[in-house]
Amino acid sequence: MLVRDAMSTVVLTIGPDHTLRQAAALMAARRVGAAVVLDPDGIGIGILTERDVLNSVGLGQDPDSERAHAHTTTDVVFAAPAWTLEEAAQAMAHGGFRHLIVCENGEPVGIVSVRDIIKCWAPVRQQVPA
C-alpha cells in the first residue's frame, strides 16, 4: 500500500503569524494533530503539531502571543505519494515524529500520520452481534 492510499488530502494550512491559540482551535475544529505552516517569504513549508503547542503551554508561554513560526519544525522530512507505507513508517521512526507532509512537484498535497498507517495495517474490527 502507498502513502497516497493512506494520506489525508484535506490539509490544514496556517500562516507563520497565527497564534498558537488560533492554530490549536483550527486543529481541534478539524480534528487533526498537525497543521502545515506556509511561509513563502521565510521558511517555506513547515509543520506545527499538537505536541509543539503542548510544549509551549507547558513552558508557561502565552498561546495568545506565541506565534506559529516560533514553534514550527522547519527541517521537515517530506513524503512522496508513491512511497510505500513501510518507507513512511521508517522515516517517522527514524526521525521520531508522527506526521509527514506529502509533497508533489514541491507543493503539499496531503499529510500522513502514524494513525493513518495503523488504520491501513490493522485488520478492520468486526462488530460482534449483541
# chains A, B, ... in the order shown; residues from 1 in each chain; ligands from 1

call {"tool": "residues_around", "arguments": {"residues": "stretch 87-94 of chain A", "least_positions_apart": "3", "cutoff": "10 Å", "atoms": "only C-alpha atoms", "output": "PyMOL selection string"}}
result
chain A and resi 2-3+77-84+97-100+102+112-114+117-118

call {"tool": "residues_around", "arguments": {"residues": "A:Val10", "least_positions_apart": "3", "cutoff": "12 Å", "atoms": "only C-alpha atoms", "output": "list in words"}}
result
Met7, Thr13, Arg30, Arg31, Val32, Ala34, Ala35, Val36, Ile101, Val102, Pro108, Val109, Gly110, Ile111 and Val112 of chain A

call {"tool": "residues_around", "arguments": {"residues": "A:Pro16", "least_positions_apart": "6", "cutoff": "7 Å", "atoms": "only C-alpha atoms", "output": "list in words"}}
result
Val37, Leu38, Asp39, Arg67, Ala68 and His69 of chain A

call {"tool": "write_last_selection", "arguments": {"atoms": "C-alpha atoms", "output": "PDB file, in the first residue's frame"}}
result
ATOM      1  CA  VAL A  37       2.739  26.208   8.029  1.00  0.00           C
ATOM      2  CA  LEU A  38       3.166  28.018   4.726  1.00  0.00           C
ATOM      3  CA  ASP A  39       5.635  30.888   4.770  1.00  0.00           C
ATOM      4  CA  ARG A  67       3.294  32.748  17.001  1.00  0.00           C
ATOM      5  CA  ALA A  68       3.359  29.587  14.939  1.00  0.00           C
ATOM      6  CA  HIS A  69       6.680  30.481  13.299  1.00  0.00           C
TER       7      HIS A  69
END

call {"tool": "select_by_dssp", "arguments": {"residues": "chain A", "states": "strand (DSSP E)", "output": "mmCIF file with N, CA and C atoms, in the first residue's frame"}}
result
data_model
loop_
_atom_site.group_PDB
_atom_site.id
_atom_site.type_symbol
_atom_site.label_atom_id
_atom_site.label_comp_id
_atom_site.auth_asym_id
_atom_site.auth_seq_id
_atom_site.Cartn_x
_atom_site.Cartn_y
_atom_site.Cartn_z
ATOM 1 N N THR A 13 -3.807 24.297 6.600
ATOM 2 C CA THR A 13 -2.647 25.163 6.416
ATOM 3 C C THR A 13 -2.872 26.450 7.192
ATOM 4 N N ILE A 14 -1.804 26.921 7.798
ATOM 5 C CA ILE A 14 -1.847 28.180 8.532
ATOM 6 C C ILE A 14 -0.640 29.010 8.126
ATOM 7 N N ALA A 34 -1.935 18.146 13.355
ATOM 8 C CA ALA A 34 -0.857 18.946 12.784
ATOM 9 C C ALA A 34 -1.411 19.913 11.751
ATOM 10 N N ALA A 35 -0.694 21.016 11.602
ATOM 11 C CA ALA A 35 -1.021 21.997 10.568
ATOM 12 C C ALA A 35 0.235 22.265 9.753
ATOM 13 N N VAL A 36 0.066 22.401 8.474
ATOM 14 C CA VAL A 36 1.168 22.777 7.595
ATOM 15 C C VAL A 36 1.284 24.298 7.651
ATOM 16 N N VAL A 37 2.490 24.771 7.945
ATOM 17 C CA VAL A 37 2.739 26.208 8.029
ATOM 18 C C VAL A 37 3.379 26.644 6.720
ATOM 19 N N LEU A 38 2.670 27.514 6.012
ATOM 20 C CA LEU A 38 3.166 28.018 4.726
ATOM 21 C C LEU A 38 3.708 29.424 4.923
ATOM 22 N N ASP A 39 4.969 29.595 4.632
ATOM 23 C CA ASP A 39 5.635 30.888 4.770
ATOM 24 C C ASP A 39 6.480 31.133 3.523
ATOM 25 N N GLY A 44 9.401 28.650 4.061
ATOM 26 C CA GLY A 44 8.789 27.800 3.049
ATOM 27 C C GLY A 44 7.702 26.966 3.679
ATOM 28 N N ILE A 45 7.868 25.650 3.692
ATOM 29 C CA ILE A 45 6.870 24.751 4.252
ATOM 30 C C ILE A 45 7.401 24.150 5.545
ATOM 31 N N GLY A 46 6.613 24.286 6.617
ATOM 32 C CA GLY A 46 6.962 23.689 7.900
ATOM 33 C C GLY A 46 5.740 23.003 8.479
ATOM 34 N N ILE A 47 5.876 22.474 9.685
ATOM 35 C CA ILE A 47 4.767 21.782 10.329
ATOM 36 C C ILE A 47 4.697 22.182 11.797
ATOM 37 N N LEU A 48 3.487 22.390 12.267
ATOM 38 C CA LEU A 48 3.209 22.677 13.671
ATOM 39 C C LEU A 48 2.306 21.565 14.167
ATOM 40 N N THR A 49 2.724 20.888 15.227
ATOM 41 C CA THR A 49 1.945 19.767 15.730
ATOM 42 C C THR A 49 1.338 20.103 17.085
ATOM 43 N N PHE A 78 9.803 15.221 3.924
ATOM 44 C CA PHE A 78 8.618 15.152 3.076
ATOM 45 C C PHE A 78 8.491 13.762 2.479
ATOM 46 N N ALA A 79 7.269 13.306 2.356
ATOM 47 C CA ALA A 79 6.997 12.024 1.710
ATOM 48 C C ALA A 79 6.469 12.283 0.309
ATOM 49 N N HIS A 99 3.970 12.701 11.898
ATOM 50 C CA HIS A 99 3.301 13.216 10.700
ATOM 51 C C HIS A 99 4.324 13.463 9.607
ATOM 52 N N LEU A 100 3.914 13.202 8.382
ATOM 53 C CA LEU A 100 4.726 13.532 7.208
ATOM 54 C C LEU A 100 3.881 14.360 6.258
ATOM 55 N N ILE A 101 4.438 15.456 5.807
ATOM 56 C CA ILE A 101 3.787 16.230 4.762
ATOM 57 C C ILE A 101 4.084 15.530 3.447
ATOM 58 N N VAL A 102 3.051 15.321 2.664
ATOM 59 C CA VAL A 102 3.202 14.654 1.371
ATOM 60 C C VAL A 102 3.256 15.740 0.300
ATOM 61 N N CYS A 103 4.344 15.759 -0.450
ATOM 62 C CA CYS A 103 4.532 16.782 -1.484
ATOM 63 C C CYS A 103 4.672 16.146 -2.854
ATOM 64 N N GLU A 104 4.180 16.884 -3.823
ATOM 65 C CA GLU A 104 4.318 16.504 -5.222
ATOM 66 C C GLU A 104 4.623 17.778 -6.000
ATOM 67 N N GLU A 107 4.807 20.993 -3.903
ATOM 68 C CA GLU A 107 3.597 21.506 -3.253
ATOM 69 C C GLU A 107 3.003 20.450 -2.326
ATOM 70 N N PRO A 108 2.515 20.878 -1.146
ATOM 71 C CA PRO A 108 1.859 19.903 -0.266
ATOM 72 C C PRO A 108 0.535 19.431 -0.862
ATOM 73 N N VAL A 109 0.376 18.105 -0.940
ATOM 74 C CA VAL A 109 -0.853 17.527 -1.497
ATOM 75 C C VAL A 109 -1.573 16.649 -0.477
ATOM 76 N N GLY A 110 -0.952 16.474 0.688
ATOM 77 C CA GLY A 110 -1.572 15.658 1.709
ATOM 78 C C GLY A 110 -0.704 15.588 2.942
ATOM 79 N N ILE A 111 -1.215 14.871 3.925
ATOM 80 C CA ILE A 111 -0.463 14.612 5.143
ATOM 81 C C ILE A 111 -0.791 13.192 5.575
ATOM 82 N N VAL A 112 0.217 12.486 6.041
ATOM 83 C CA VAL A 112 0.008 11.120 6.504
ATOM 84 C C VAL A 112 0.527 11.036 7.936
ATOM 85 N N SER A 113 -0.254 10.398 8.782
ATOM 86 C CA SER A 113 0.107 10.271 10.188
ATOM 87 C C SER A 113 0.307 8.808 10.544
#

call {"tool": "closest_residue", "arguments": {"among": "A:Gly60, A:Gly15, A:Asp5, A:Ala122", "to": "A:Pro40", "atoms": "only C-alpha atoms"}}
result
A:Gly15

call {"tool": "decode", "arguments": {"residues": "stretch 13-24 of chain A", "atoms": "N, CA, C and O atoms", "output": "PDB file, in the first residue's frame"}}
result
ATOM      1  N   THR A  13      -3.807  24.297   6.600  1.00  0.00           N
ATOM      2  CA  THR A  13      -2.647  25.163   6.416  1.00  0.00           C
ATOM      3  C   THR A  13      -2.872  26.450   7.192  1.00  0.00           C
ATOM      4  O   THR A  13      -3.995  26.970   7.253  1.00  0.00           O
ATOM      5  N   ILE A  14      -1.804  26.921   7.798  1.00  0.00           N
ATOM      6  CA  ILE A  14      -1.847  28.180   8.532  1.00  0.00           C
ATOM      7  C   ILE A  14      -0.640  29.010   8.126  1.00  0.00           C
ATOM      8  O   ILE A  14       0.293  28.499   7.507  1.00  0.00           O
ATOM      9  N   GLY A  15      -0.673  30.276   8.513  1.00  0.00           N
ATOM     10  CA  GLY A  15       0.458  31.158   8.260  1.00  0.00           C
ATOM     11  C   GLY A  15       1.360  31.244   9.470  1.00  0.00           C
ATOM     12  O   GLY A  15       0.970  30.860  10.583  1.00  0.00           O
ATOM     13  N   PRO A  16       2.543  31.750   9.301  1.00  0.00           N
ATOM     14  CA  PRO A  16       3.510  31.819  10.400  1.00  0.00           C
ATOM     15  C   PRO A  16       3.090  32.769  11.519  1.00  0.00           C
ATOM     16  O   PRO A  16       3.572  32.659  12.644  1.00  0.00           O
ATOM     17  N   ASP A  17       2.194  33.696  11.234  1.00  0.00           N
ATOM     18  CA  ASP A  17       1.786  34.662  12.246  1.00  0.00           C
ATOM     19  C   ASP A  17       0.526  34.269  12.996  1.00  0.00           C
ATOM     20  O   ASP A  17       0.066  35.022  13.861  1.00  0.00           O
ATOM     21  N   HIS A  18      -0.029  33.100  12.712  1.00  0.00           N
ATOM     22  CA  HIS A  18      -1.139  32.619  13.533  1.00  0.00           C
ATOM     23  C   HIS A  18      -0.635  32.448  14.969  1.00  0.00           C
ATOM     24  O   HIS A  18       0.509  32.019  15.173  1.00  0.00           O
ATOM     25  N   THR A  19      -1.482  32.770  15.947  1.00  0.00           N
ATOM     26  CA  THR A  19      -1.095  32.491  17.328  1.00  0.00           C
ATOM     27  C   THR A  19      -1.262  30.996  17.579  1.00  0.00           C
ATOM     28  O   THR A  19      -1.969  30.306  16.833  1.00  0.00           O
ATOM     29  N   LEU A  20      -0.633  30.520  18.631  1.00  0.00           N
ATOM     30  CA  LEU A  20      -0.786  29.108  18.962  1.00  0.00           C
ATOM     31  C   LEU A  20      -2.233  28.797  19.333  1.00  0.00           C
ATOM     32  O   LEU A  20      -2.723  27.707  19.041  1.00  0.00           O
ATOM     33  N   ARG A  21      -2.933  29.745  19.961  1.00  0.00           N
ATOM     34  CA  ARG A  21      -4.343  29.510  20.274  1.00  0.00           C
ATOM     35  C   ARG A  21      -5.167  29.370  18.996  1.00  0.00           C
ATOM     36  O   ARG A  21      -6.006  28.489  18.881  1.00  0.00           O
ATOM     37  N   GLN A  22      -4.912  30.221  18.013  1.00  0.00           N
ATOM     38  CA  GLN A  22      -5.626  30.116  16.738  1.00  0.00           C
ATOM     39  C   GLN A  22      -5.321  28.777  16.070  1.00  0.00           C
ATOM     40  O   GLN A  22      -6.228  28.105  15.568  1.00  0.00           O
ATOM     41  N   ALA A  23      -4.057  28.399  16.073  1.00  0.00           N
ATOM     42  CA  ALA A  23      -3.663  27.129  15.460  1.00  0.00           C
ATOM     43  C   ALA A  23      -4.331  25.963  16.181  1.00  0.00           C
ATOM     44  O   ALA A  23      -4.869  25.055  15.540  1.00  0.00           O
ATOM     45  N   ALA A  24      -4.320  25.989  17.512  1.00  0.00           N
ATOM     46  CA  ALA A  24      -4.928  24.911  18.292  1.00  0.00           C
ATOM     47  C   ALA A  24      -6.428  24.840  18.042  1.00  0.00           C
ATOM     48  O   ALA A  24      -6.993  23.743  17.913  1.00  0.00           O
TER      49      ALA A  24
END
